[in-house]
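Asker: Input file: query.csv. Contents: CSV, C-alpha atoms.
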chain,number,residue,atom,x,y,z
A,22,MET,CA,-46.3,19.9,-10.4
A,23,LYS,CA,-43.0,21.3,-9.4
A,24,ASN,CA,-42.5,25.1,-9.8
A,25,LEU,CA,-39.5,26.3,-11.9
A,26,SER,CA,-37.2,26.7,-8.9
A,27,GLU,CA,-37.8,23.2,-7.6
A,28,HIS,CA,-37.4,21.7,-11.1
A,29,VAL,CA,-34.1,23.6,-11.6
A,30,LEU,CA,-32.7,22.4,-8.2
A,31,SER,CA,-33.7,18.8,-8.8
A,32,GLU,CA,-32.0,18.8,-12.2
A,33,ASP,CA,-28.9,20.8,-11.3
A,34,TRP,CA,-26.7,17.8,-10.7
A,35,LYS,CA,-27.0,17.0,-14.5
A,36,ASN,CA,-24.6,19.9,-15.2
A,37,GLY,CA,-21.9,17.8,-13.6
A,38,GLY,CA,-22.9,14.3,-14.2
A,39,PHE,CA,-23.1,11.2,-11.9
A,40,GLY,CA,-20.3,9.1,-10.5
A,41,ILE,CA,-19.5,6.5,-7.8
A,42,TYR,CA,-16.5,6.6,-5.6
A,43,ILE,CA,-15.4,3.4,-3.9
A,44,HIS,CA,-12.8,3.8,-1.1
A,45,TRP,CA,-10.3,1.0,-0.3
A,46,PRO,CA,-8.8,2.1,3.0
A,47,PHE,CA,-5.6,0.0,3.1
A,48,CYS,CA,-2.0,0.6,2.1
A,49,ALA,CA,1.1,-1.5,2.5
A,50,ALA,CA,2.7,1.5,4.4
A,51,LYS,CA,1.5,4.9,5.5
A,52,CYS,CA,3.2,7.8,3.8
A,53,PRO,CA,4.3,10.7,6.2
A,54,TYR,CA,2.6,13.4,4.1
A,55,CYS,CA,-0.7,11.6,3.6
A,56,ASP,CA,-3.9,12.7,5.4
A,57,PHE,CA,-6.3,10.4,3.5
A,58,ASN,CA,-8.2,7.8,5.4
A,59,SER,CA,-5.7,5.0,4.9
A,60,HIS,CA,-4.6,2.2,7.2
A,61,VAL,CA,-2.1,-0.6,7.4
A,62,ARG,CA,-3.5,-4.1,8.3
A,63,ASN,CA,-1.7,-7.5,8.3
A,64,ASN,CA,-4.8,-9.4,7.4
A,65,ILE,CA,-7.7,-8.3,5.1
A,66,ASP,CA,-10.7,-10.5,4.4
A,67,GLN,CA,-11.4,-9.5,0.8
A,68,LYS,CA,-14.5,-11.7,0.6
A,69,GLN,CA,-15.9,-9.7,3.6
A,70,TRP,CA,-15.1,-6.4,2.0
A,71,LEU,CA,-16.7,-7.5,-1.3
A,72,LYS,CA,-19.9,-8.5,0.6
A,73,SER,CA,-20.1,-5.1,2.2
A,74,TYR,CA,-19.4,-3.2,-1.0
A,75,LEU,CA,-22.2,-5.1,-2.7
A,76,ILE,CA,-24.6,-4.4,0.2
A,77,GLU,CA,-23.9,-0.6,-0.1
A,78,ILE,CA,-24.2,-0.7,-3.9
A,79,ASN,CA,-27.7,-2.2,-3.6
A,80,ARG,CA,-28.7,0.3,-0.9
A,81,VAL,CA,-27.6,3.5,-2.8
A,82,SER,CA,-29.0,2.3,-6.1
A,83,LYS,CA,-32.6,2.6,-4.8
A,84,ASN,CA,-32.9,6.4,-5.5
A,85,THR,CA,-30.6,6.6,-8.5
A,86,SER,CA,-31.0,3.5,-10.7
A,87,SER,CA,-32.8,5.5,-13.4
A,88,ARG,CA,-29.7,7.6,-14.0
A,89,PHE,CA,-26.9,7.2,-16.5
A,90,LEU,CA,-23.6,6.6,-14.8
A,91,ASP,CA,-20.5,8.5,-16.0
A,92,SER,CA,-17.8,7.0,-13.9
A,93,VAL,CA,-16.6,4.7,-11.1
A,94,PHE,CA,-13.4,5.5,-9.2
A,95,PHE,CA,-11.6,3.1,-7.0
A,96,GLY,CA,-9.5,5.3,-4.6
A,97,GLY,CA,-7.6,4.8,-1.4
A,98,GLY,CA,-5.5,3.8,0.2
A,99,THR,CA,-4.0,1.6,-2.5
A,100,PRO,CA,-6.8,0.0,-4.6
A,101,SER,CA,-4.3,-2.0,-6.6
A,102,LEU,CA,-4.0,-4.2,-3.5
A,103,ILE,CA,-7.6,-5.3,-4.2
A,104,GLU,CA,-7.9,-8.8,-5.9
A,105,PRO,CA,-9.1,-8.4,-9.5
A,106,TRP,CA,-12.0,-10.8,-8.9
A,107,VAL,CA,-13.3,-8.3,-6.2
A,108,ILE,CA,-13.2,-5.5,-8.8
A,109,ASN,CA,-14.9,-7.7,-11.3
A,110,ASP,CA,-17.8,-8.5,-9.0
A,111,ILE,CA,-18.2,-4.9,-7.9
A,112,LEU,CA,-18.4,-3.6,-11.5
A,113,ASN,CA,-20.8,-6.4,-12.5
A,114,GLU,CA,-23.1,-5.4,-9.6
A,115,ILE,CA,-22.9,-1.8,-10.5
A,116,GLN,CA,-23.9,-2.5,-14.1
A,117,LYS,CA,-27.0,-4.4,-12.8
A,118,HIS,CA,-28.3,-1.2,-11.3
A,119,TRP,CA,-27.2,1.6,-13.6
A,120,THR,CA,-27.0,2.1,-17.3
A,121,THR,CA,-23.5,3.3,-18.2
A,122,LYS,CA,-22.7,6.0,-20.7
A,123,ASP,CA,-20.9,5.2,-23.9
A,124,ASN,CA,-17.7,6.8,-22.6
A,125,PHE,CA,-18.1,5.2,-19.2
A,126,GLU,CA,-14.8,5.6,-17.2
A,127,VAL,CA,-13.5,3.2,-14.6
A,128,THR,CA,-10.4,4.4,-12.8
A,129,LEU,CA,-8.2,2.4,-10.4
A,130,GLU,CA,-5.5,4.1,-8.3
A,131,ALA,CA,-2.3,2.1,-8.3
A,132,ASN,CA,1.1,2.3,-6.6
A,133,PRO,CA,4.1,1.2,-8.5
A,134,GLY,CA,5.0,-1.2,-5.7
A,135,SER,CA,1.8,-3.1,-6.0
A,136,VAL,CA,1.7,-3.5,-9.7
A,137,ASP,CA,2.4,-6.6,-11.8
A,138,ALA,CA,1.4,-7.4,-15.4
A,139,LYS,CA,-0.9,-10.2,-14.4
A,140,ASN,CA,-3.1,-8.1,-12.2
A,141,PHE,CA,-3.2,-5.2,-14.7
A,142,LYS,CA,-4.5,-7.6,-17.4
A,143,ALA,CA,-7.0,-8.9,-14.9
A,144,TYR,CA,-8.1,-5.4,-13.9
A,145,ARG,CA,-8.6,-4.6,-17.6
A,146,SER,CA,-10.7,-7.8,-18.1
A,147,ALA,CA,-12.8,-6.8,-15.1
A,148,GLY,CA,-13.7,-3.5,-16.7
A,149,VAL,CA,-11.1,-1.0,-15.5
A,150,ASN,CA,-10.2,1.3,-18.4
A,151,ARG,CA,-8.1,4.0,-16.7
A,152,ILE,CA,-5.1,3.8,-14.3
A,153,SER,CA,-4.0,6.6,-12.0
A,154,MET,CA,-0.6,5.8,-10.7
A,155,GLY,CA,1.0,7.4,-7.6
A,156,ILE,CA,4.6,7.8,-8.7
A,157,GLN,CA,5.1,11.0,-6.7
A,158,SER,CA,8.7,11.6,-7.7
A,159,LEU,CA,11.4,10.5,-10.2
A,160,ASN,CA,14.1,11.2,-7.7
A,161,GLU,CA,15.4,8.3,-5.5
A,162,LYS,CA,16.3,10.5,-2.5
A,163,ASP,CA,13.0,12.3,-2.5
A,164,LEU,CA,11.0,9.1,-2.9
A,165,LYS,CA,12.5,7.9,0.4
A,166,ALA,CA,11.9,11.2,2.1
A,167,LEU,CA,8.2,11.0,1.0
A,168,GLY,CA,8.0,7.5,2.5
A,169,ARG,CA,7.4,5.8,-0.8
A,170,THR,CA,8.2,2.1,-0.9
A,171,HIS,CA,9.1,1.9,-4.6
A,172,THR,CA,12.2,3.0,-6.5
A,173,VAL,CA,12.3,5.1,-9.7
A,174,LYS,CA,13.1,2.0,-11.7
A,175,GLU,CA,10.1,0.2,-10.3
A,176,ALA,CA,7.9,3.3,-11.1
A,177,LEU,CA,9.0,3.4,-14.7
A,178,SER,CA,8.6,-0.3,-15.1
A,179,ALA,CA,5.1,-0.2,-13.6
A,180,PHE,CA,4.1,2.7,-15.8
A,181,GLU,CA,5.3,0.9,-18.9
A,182,ILE,CA,3.2,-2.1,-17.9
A,183,ALA,CA,0.2,0.1,-17.4
A,184,GLN,CA,0.6,1.6,-20.8
A,185,GLN,CA,0.7,-1.8,-22.4
A,186,ASN,CA,-2.6,-2.7,-20.8
A,187,PHE,CA,-4.6,0.6,-20.8
A,188,THR,CA,-5.0,3.5,-23.3
A,189,ALA,CA,-5.7,5.9,-20.5
A,190,VAL,CA,-2.9,6.2,-17.9
A,191,SER,CA,-2.3,9.1,-15.5
A,192,PHE,CA,0.2,9.6,-12.8
A,193,ASP,CA,0.8,11.9,-9.8
A,194,LEU,CA,3.9,13.8,-9.0
A,195,ILE,CA,4.5,16.0,-5.9
A,196,TYR,CA,6.7,19.1,-6.2
A,197,ALA,CA,7.8,21.9,-4.0
A,198,ARG,CA,9.5,19.2,-2.0
A,199,GLN,CA,12.3,19.7,0.5
A,200,ASN,CA,15.4,21.3,-0.9
A,201,GLN,CA,14.0,21.1,-4.5
A,202,ASN,CA,15.0,24.0,-6.8
A,203,LEU,CA,13.6,25.2,-10.1
A,204,THR,CA,16.2,23.5,-12.2
A,205,GLN,CA,15.7,20.2,-10.6
A,206,TRP,CA,12.0,20.3,-11.0
A,207,GLU,CA,12.2,21.4,-14.6
A,208,LYS,CA,14.4,18.5,-15.4
A,209,GLU,CA,12.2,16.0,-13.6
A,210,LEU,CA,9.0,17.3,-15.1
A,211,ASN,CA,10.5,17.1,-18.6
A,212,GLN,CA,11.4,13.5,-17.9
A,213,ALA,CA,7.8,12.9,-16.8
A,214,LEU,CA,6.4,14.5,-19.9
A,215,ASP,CA,8.6,12.3,-22.1
A,216,LEU,CA,7.0,9.2,-20.7
A,217,GLY,CA,3.9,9.6,-22.8
A,218,ALA,CA,1.1,9.8,-20.3
A,219,SER,CA,-2.1,11.5,-21.5
A,220,HIS,CA,-2.9,13.0,-18.0
A,221,MET,CA,-0.8,14.1,-15.0
A,222,SER,CA,-1.8,15.3,-11.6
A,223,LEU,CA,0.9,17.7,-10.3
A,224,TYR,CA,0.5,18.7,-6.7
A,225,GLN,CA,2.6,21.0,-4.5
A,226,LEU,CA,3.6,19.3,-1.2
A,227,THR,CA,1.3,20.5,1.6
A,228,ILE,CA,1.9,19.9,5.2
A,229,GLU,CA,-1.3,18.6,6.8
A,230,GLN,CA,-1.8,18.5,10.5
A,231,GLY,CA,-2.3,15.0,11.9
A,232,THR,CA,0.3,13.5,9.6
A,233,ALA,CA,3.9,12.5,10.4
A,234,PHE,CA,5.1,15.5,8.3
A,235,GLY,CA,2.8,17.8,10.2
A,236,ASP,CA,4.3,16.6,13.5
A,237,ARG,CA,7.8,17.1,12.2
A,238,TYR,CA,6.9,20.5,10.9
A,239,ASN,CA,5.5,21.6,14.3
A,240,ARG,CA,8.7,20.5,16.0
A,241,GLY,CA,10.9,22.4,13.5
A,242,LEU,CA,12.3,19.2,12.1
A,243,LEU,CA,11.0,19.5,8.5
A,244,LYS,CA,13.8,21.5,6.9
A,245,GLY,CA,14.3,22.8,3.3
A,246,LEU,CA,10.7,23.6,2.4
A,247,PRO,CA,10.4,26.2,-0.3
A,248,SER,CA,9.3,29.8,0.4
A,249,GLU,CA,6.0,31.1,-1.0
A,250,GLY,CA,8.0,32.9,-3.7
A,251,ILE,CA,9.8,29.7,-4.8
A,252,SER,CA,6.5,27.7,-4.7
A,253,ALA,CA,4.9,30.3,-7.0
A,254,LYS,CA,7.8,30.0,-9.4
A,255,LEU,CA,7.5,26.2,-9.3
A,256,TYR,CA,3.9,26.5,-10.3
A,257,ASP,CA,4.8,28.8,-13.1
A,258,VAL,CA,7.4,26.4,-14.4
A,259,THR,CA,4.9,23.5,-14.1
A,260,SER,CA,2.1,25.3,-16.1
A,261,ASN,CA,4.4,26.7,-18.8
A,262,LEU,CA,6.2,23.4,-19.5
A,263,CYS,CA,3.0,21.4,-19.6
A,264,GLU,CA,1.3,23.9,-22.0
A,265,GLU,CA,4.4,23.8,-24.2
A,266,ARG,CA,4.1,20.0,-24.4
A,267,GLY,CA,0.4,20.0,-25.3
A,268,PHE,CA,-1.0,19.5,-21.7
A,269,SER,CA,-3.8,21.9,-20.9
A,270,ALA,CA,-4.2,23.0,-17.2
A,271,TYR,CA,-7.9,22.1,-17.2
A,272,GLU,CA,-7.9,22.2,-13.4
A,273,VAL,CA,-5.5,23.9,-10.9
A,274,SER,CA,-3.4,20.8,-10.4
A,275,ASN,CA,-4.4,18.6,-13.3
A,276,TYR,CA,-3.0,18.6,-16.9
A,277,ALA,CA,-4.3,16.6,-19.8
A,278,GLN,CA,-4.0,16.3,-23.5
A,279,GLU,CA,-7.2,17.2,-25.3
A,280,GLY,CA,-9.9,14.5,-24.6
A,281,SER,CA,-8.0,12.8,-21.8
A,282,GLU,CA,-9.4,14.8,-18.8
A,283,SER,CA,-10.6,12.7,-15.9
A,284,ILE,CA,-14.3,12.2,-16.3
A,285,HIS,CA,-14.8,11.2,-12.7
A,286,ASN,CA,-13.0,14.2,-11.3
A,287,LEU,CA,-14.9,16.5,-13.6
A,288,VAL,CA,-18.1,15.2,-11.9
A,289,TYR,CA,-16.7,16.7,-8.7
A,290,TRP,CA,-15.4,19.9,-10.1
A,291,ARG,CA,-18.6,20.5,-12.2
A,292,TYR,CA,-20.6,19.8,-9.0
A,293,GLY,CA,-22.5,16.8,-10.2
A,294,ASP,CA,-23.8,14.1,-8.0
A,295,TYR,CA,-21.6,11.3,-6.7
A,296,ILE,CA,-22.1,8.4,-4.3
A,297,GLY,CA,-19.4,7.7,-1.7
A,298,ILE,CA,-19.0,4.0,-0.7
A,299,GLY,CA,-16.4,2.8,1.8
A,300,PRO,CA,-14.8,4.1,5.1
A,301,GLY,CA,-14.5,7.9,5.1
A,302,ALA,CA,-16.1,8.3,1.7
A,303,HIS,CA,-18.1,11.5,1.1
A,304,GLY,CA,-21.0,12.0,-1.4
A,305,ARG,CA,-23.3,14.6,-2.8
A,306,LEU,CA,-26.7,13.2,-3.9
A,307,THR,CA,-29.9,14.9,-5.1
A,308,VAL,CA,-33.1,13.1,-4.1
A,309,ASP,CA,-36.6,14.6,-4.6
A,310,GLY,CA,-35.3,18.0,-5.5
A,311,LYS,CA,-33.0,18.2,-2.4
A,312,ARG,CA,-29.2,17.8,-2.4
A,313,TYR,CA,-27.6,16.0,0.5
A,314,ALA,CA,-24.1,15.7,1.8
A,315,THR,CA,-23.2,12.1,2.9
A,316,GLU,CA,-20.4,10.8,5.1
A,317,THR,CA,-19.4,7.3,6.1
A,318,PHE,CA,-17.7,5.8,9.2
A,319,LEU,CA,-14.0,6.4,9.1
A,320,SER,CA,-12.8,3.2,10.8
A,321,PRO,CA,-12.6,0.3,8.4
A,322,GLU,CA,-13.7,-2.1,11.2
A,323,GLU,CA,-16.6,0.1,12.3
A,324,TRP,CA,-17.7,0.6,8.7
A,325,LEU,CA,-17.8,-3.2,8.1
A,326,ILE,CA,-19.8,-3.8,11.3
A,327,LYS,CA,-22.3,-1.0,10.5
A,328,VAL,CA,-22.9,-2.4,6.9
A,329,ASP,CA,-23.2,-5.9,8.2
A,330,ASN,CA,-25.5,-5.2,11.1
A,331,GLN,CA,-27.5,-2.1,9.9
A,332,GLY,CA,-27.2,-2.4,6.2
A,333,SER,CA,-25.6,1.0,5.8
A,334,GLY,CA,-22.1,2.5,6.3
A,335,GLU,CA,-23.4,6.1,6.4
A,336,SER,CA,-22.5,8.0,9.5
A,337,CYS,CA,-24.1,11.3,8.5
A,338,ILE,CA,-26.5,12.7,5.9
A,339,SER,CA,-27.4,16.4,5.9
A,340,GLU,CA,-29.5,18.5,3.6
A,341,LEU,CA,-27.6,21.4,1.9
A,342,SER,CA,-29.3,24.8,1.6
A,343,GLN,CA,-29.4,26.5,-1.7
A,344,GLU,CA,-26.7,28.9,-0.5
A,345,GLN,CA,-24.4,26.0,0.5
A,346,GLN,CA,-24.9,24.4,-2.9
A,347,ALA,CA,-24.1,27.6,-4.7
A,348,ALA,CA,-21.0,28.1,-2.6
A,349,GLU,CA,-19.8,24.6,-3.1
A,350,MET,CA,-20.4,24.8,-6.9
A,351,VAL,CA,-18.3,28.0,-7.1
A,352,MET,CA,-15.5,26.6,-4.9
A,353,MET,CA,-15.2,23.5,-7.1
A,354,GLY,CA,-15.9,25.2,-10.5
A,355,LEU,CA,-13.4,28.0,-10.2
A,356,ARG,CA,-10.7,25.4,-10.1
A,357,LEU,CA,-11.5,24.6,-13.7
A,358,ASN,CA,-10.3,26.5,-16.7
A,359,GLU,CA,-13.9,26.7,-17.9
A,360,GLY,CA,-15.0,28.4,-14.7
A,361,VAL,CA,-18.5,28.7,-13.3
A,362,ASN,CA,-21.7,29.7,-14.9
A,363,PHE,CA,-23.5,32.9,-13.8
A,364,LYS,CA,-27.0,31.6,-14.5
A,365,ARG,CA,-26.3,28.3,-12.6
A,366,PHE,CA,-25.1,30.3,-9.6
A,367,GLU,CA,-28.3,32.4,-9.7
A,368,ASN,CA,-30.5,29.3,-10.0
A,369,LEU,CA,-28.9,27.7,-7.0
A,370,SER,CA,-28.4,30.7,-4.7
A,371,GLY,CA,-31.5,32.8,-5.7
A,372,SER,CA,-29.2,35.8,-6.0
A,373,SER,CA,-26.4,37.2,-8.1
A,374,PHE,CA,-22.7,37.9,-7.7
A,375,SER,CA,-21.9,41.3,-6.4
A,376,GLU,CA,-21.1,43.5,-9.4
A,377,GLU,CA,-18.8,45.6,-7.2
A,378,LYS,CA,-16.7,42.5,-6.3
A,379,LEU,CA,-16.7,41.2,-9.8
A,380,SER,CA,-15.4,44.6,-11.1
A,381,PHE,CA,-12.7,44.7,-8.4
A,382,LEU,CA,-11.5,41.2,-9.1
A,383,LYS,CA,-11.4,41.9,-12.8
A,384,SER,CA,-9.6,45.2,-12.3
A,385,ILE,CA,-6.7,43.3,-10.5
A,386,GLN,CA,-6.8,40.6,-13.2
A,387,LEU,CA,-7.8,37.7,-11.0
A,388,ILE,CA,-10.9,36.8,-12.9
A,389,GLU,CA,-12.4,37.2,-16.4
A,390,GLN,CA,-15.8,36.7,-17.8
A,391,LYS,CA,-16.4,34.7,-21.0
A,392,LYS,CA,-19.7,33.4,-22.5
A,393,GLY,CA,-21.6,33.7,-19.3
A,394,ASN,CA,-18.9,32.2,-17.1
A,395,ILE,CA,-16.6,33.5,-14.4
A,396,ILE,CA,-13.1,32.2,-14.9
A,397,ALA,CA,-10.1,32.5,-12.6
A,398,THR,CA,-7.1,33.8,-14.5
A,399,PHE,CA,-3.6,32.3,-14.2
A,400,SER,CA,-2.8,34.8,-11.5
A,401,GLY,CA,-6.2,34.2,-9.8
A,402,ARG,CA,-5.5,30.4,-9.6
A,403,LYS,CA,-2.4,31.2,-7.5
A,404,VAL,CA,-4.6,33.0,-4.9
A,405,LEU,CA,-7.8,31.1,-5.4
A,406,ASN,CA,-8.8,31.0,-1.8
A,407,SER,CA,-8.7,34.8,-1.7
A,408,VAL,CA,-10.7,35.0,-4.9
A,409,LEU,CA,-13.3,32.7,-3.4
A,410,ALA,CA,-13.5,34.6,-0.1
A,411,GLU,CA,-14.1,37.8,-2.0
A,412,LEU,CA,-16.8,36.3,-4.3
A,413,LEU,CA,-18.7,34.4,-1.6
A,414,ASN,CA,-18.4,36.7,1.4
How does this structure look as structure tokens?

Answerer:
Amino acid sequence: MKNLSEHVLSEDWKNGGFGIYIHWPFCAAKCPYCDFNSHVRNNIDQKQWLKSYLIEINRVSKNTSSRFLDSVFFGGGTPSLIEPWVINDILNEIQKHWTTKDNFEVTLEANPGSVDAKNFKAYRSAGVNRISMGIQSLNEKDLKALGRTHTVKEALSAFEIAQQNFTAVSFDLIYARQNQNLTQWEKELNQALDLGASHMSLYQLTIEQGTAFGDRYNRGLLKGLPSEGISAKLYDVTSNLCEERGFSAYEVSNYAQEGSESIHNLVYWRYGDYIGIGPGAHGRLTVDGKRYATETFLSPEEWLIKVDNQGSGESCISELSQEQQAAEMVMMGLRLNEGVNFKRFENLSGSSFSEEKLSFLKSIQLIEQKKGNIIATFSGRKVLNSVLAELLN
């Protein structure tokens, strides 16, 4: 019989739930700010990709088929480039292996340029019930600067089509863009809020090394980026406007009307278990009381070959220590407005937070404690990396 500690560790993932992430690695064009594992290919054999996805689904189901499944997320890349019959067959296979919850969520990421009414209806018929749309900007000039291939008119039309077919529609916007001021962003965000989405992901532009923007930045060619002070004010405007319009900042960069939070992303932030399928997909999976971090081959072609020849696209699987699990749980959970639970941290780490550090962070109003949880304040969210470093050092 397992002792209490082993039992707690083997059951911990249930605090966050269980999801499946499926990565589609292809885009029509590569955006200059994007550091995701996405590629442009002239020819894609979707039958071959379906075959490989189904092999992986069968493989990963062996240790988890007794679980209830919260969500499936098709991310990318641009998953709205996938043929609807491929989505249909993948979801049918998934439901052969797992029992899905009553509020089972299936999200498909979509770009406005790859959307048409026929496919959206077909995606809905296949089982997709939530769309996450990469609009990114409602300004024509900035769309071009971001390397987006759609226009504002196309984005608004695509969003309208999505709303006609799905009750849950989210979209992304990037702010703190080049030469963007507070007045411009406030006007754009109000326009976005007027569209009637139930969920929005609002991200500040970050310059990642290894991207086209990163290269331009290193050469001094990326002009007009906002200062830290302006970026902080843009975050204030974002949070205040969304709250005024009934959108809760349930996570650092995600805003939703009550009941419209992303179930799949909450699995991540609440540190549940999730399976990663597809090139470059990561996972966290608890098996026999141990939690593992999984990775897959990055190259689409290599991933396909490995699945076809070896029956697995995994490139790495490593066991996480209790301390690593506790640290990951805090790093993810403090992004949420509900925070992280003291007792859960103690169960995972075998130790407690430093009272001295908690007192210090509370004294400078970066965290608060409510009902057994540590929660980052609004000020704390702005310097979350520093809060985490203090708590976890």

Asker: So that I can check the surroundings of region 183-198 of chain A, please list as number ranges by chain every protein, DNA and RNA residue that reaches within 7 Å of it, counting all atoms listed in the file and ignoring chain neighbours fewer than 2 positions away.

Answerer: A: 141-142, 150-158, 179-181, 200-201, 218-226, 246-247, 252, 255

Asker: Select, from A:Leu30, A:Ile76, A:Val351, A:Val258, the residue with the minimum atom-to-atom distance to Val308 (chain A), counting only C-alpha atoms.

Answerer: A:Leu30

Asker: Using all atoms listed in the file, which of A:Phe94, A:Thr170, A:Val361, A:Ala270 sits nearest Lys51 (chain A)?

Answerer: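 Under the stated criterion, the closest residue is A:Thr170.
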
Asker: Could you check which residues have any atom within 12 Å of (-24.9, 29.1, -11.3), counting only C-alpha atoms with coordinates taken straight from the file, and then list them as a ChimeraX atom specification?

Answerer: /A:29-30,33-34,36-37,291-292,343-344,346-355,360-374,393-395

Asker: Identify, on the basis of only C-alpha atoms, every residue whose closest approach to Gly97 (chain A) does not exceed 7 Å; exclude the query and any residue fewer than 3 positions from it along the same chain; express the result as a PDB file with C-alpha atoms, in the coordinates of the input.

Answerer:
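Listed below is the output, result_2.pdb:
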ATOM      1  CA  HIS A  44     -12.800   3.800  -1.100  1.00  0.00           C
ATOM      2  CA  TRP A  45     -10.300   1.000  -0.300  1.00  0.00           C
ATOM      3  CA  PRO A  46      -8.800   2.100   3.000  1.00  0.00           C
ATOM      4  CA  PHE A  47      -5.600   0.000   3.100  1.00  0.00           C
ATOM      5  CA  SER A  59      -5.700   5.000   4.900  1.00  0.00           C
ATOM      6  CA  PRO A 100      -6.800   0.000  -4.600  1.00  0.00           C
TER       7      PRO A 100
END

Asker: For Ala397 (chain A), which residue out of A:Asn358, A:Asn330, A:Thr307, A:Ser375 is the nearest one, using only C-alpha atoms?

Answerer: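 Smallest separation from Ala397 (chain A) among the options: A:Asn358.
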
Asker: From the set A:Glu340, A:Glu323, A:Glu130, A:Glu265, which residue has the shortest atom-to-atom contact distance to Val93 (chain A), counting all atoms listed in the file?

Answerer: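 Of A:Glu340, A:Glu323, A:Glu130, A:Glu265, the one nearest Val93 (chain A), counting all atoms listed in the file, is A:Glu130.
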
Asker: Which one of A:Glu104, A:Glu322, A:Glu335, A:Glu359 sits closest to Val273 (chain A) if you count only C-alpha atoms?

Answerer: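 Ranked by minimum distance to Val273 (chain A), first place goes to A:Glu359.
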
Asker: Rank nothing, just name the residue among A:Val107, A:Ala410, A:Leu90, A:Ile385 nearest to Asp66 (chain A), using only C-alpha atoms.

Answerer: A:Val107

Asker: Between CA of Asp309 (chain A) and CA of Ser31 (chain A), what distance in Å does the model show, to one decimal?

Answerer: 6.6 Å

Asker: Residues at most 10 Å from Cys48 (chain A), counting all atoms listed in the file, excluding those fewer than 6 positions away in the same chain, as a PyMOL selection string?

Answerer: chain A and resi 59-62+97-102+132+135

Asker: Go ahead and compute the interatomic distance for CA of Ile65 (chain A) and CA of Ile111 (chain A), in Å to one decimal.

Answerer: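 Going from CA of Ile65 (chain A) over to CA of Ile111 (chain A), I get 17.1 Å.
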
Asker: By how many Å are CA of Ser283 (chain A) and CA of Thr128 (chain A) apart?

Answerer: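 If I compute the distance from CA of Ser283 (chain A) to CA of Thr128 (chain A), I get 8.9 Å.
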
Asker: I want to know what sits within 12 Å of Tyr42 (chain A), based on all atoms listed in the file, with residues of the same chain fewer than 6 positions away left out; could you give that as an MDAnalysis selection string?

Answerer: chainID A and resid 74 77:78 81 90:97 100 111:112 115 126:130 285:286 288:289 294:305

Asker: Got time to write the residues from that selection, C-alpha atoms, as a short mmCIF file (atom, residue, chain, number, x, y, z; two decimals), in the coordinates of the input?

Answerer:
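Saved as again07.cif:
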data_model
loop_
_atom_site.label_atom_id
_atom_site.label_comp_id
_atom_site.auth_asym_id
_atom_site.auth_seq_id
_atom_site.Cartn_x
_atom_site.Cartn_y
_atom_site.Cartn_z
CA TYR A 74 -19.40 -3.20 -1.00
CA GLU A 77 -23.90 -0.60 -0.10
CA ILE A 78 -24.20 -0.70 -3.90
CA VAL A 81 -27.60 3.50 -2.80
CA LEU A 90 -23.60 6.60 -14.80
CA ASP A 91 -20.50 8.50 -16.00
CA SER A 92 -17.80 7.00 -13.90
CA VAL A 93 -16.60 4.70 -11.10
CA PHE A 94 -13.40 5.50 -9.20
CA PHE A 95 -11.60 3.10 -7.00
CA GLY A 96 -9.50 5.30 -4.60
CA GLY A 97 -7.60 4.80 -1.40
CA PRO A 100 -6.80 0.00 -4.60
CA ILE A 111 -18.20 -4.90 -7.90
CA LEU A 112 -18.40 -3.60 -11.50
CA ILE A 115 -22.90 -1.80 -10.50
CA GLU A 126 -14.80 5.60 -17.20
CA VAL A 127 -13.50 3.20 -14.60
CA THR A 128 -10.40 4.40 -12.80
CA LEU A 129 -8.20 2.40 -10.40
CA GLU A 130 -5.50 4.10 -8.30
CA HIS A 285 -14.80 11.20 -12.70
CA ASN A 286 -13.00 14.20 -11.30
CA VAL A 288 -18.10 15.20 -11.90
CA TYR A 289 -16.70 16.70 -8.70
CA ASP A 294 -23.80 14.10 -8.00
CA TYR A 295 -21.60 11.30 -6.70
CA ILE A 296 -22.10 8.40 -4.30
CA GLY A 297 -19.40 7.70 -1.70
CA ILE A 298 -19.00 4.00 -0.70
CA GLY A 299 -16.40 2.80 1.80
CA PRO A 300 -14.80 4.10 5.10
CA GLY A 301 -14.50 7.90 5.10
CA ALA A 302 -16.10 8.30 1.70
CA HIS A 303 -18.10 11.50 1.10
CA GLY A 304 -21.00 12.00 -1.40
CA ARG A 305 -23.30 14.60 -2.80
#
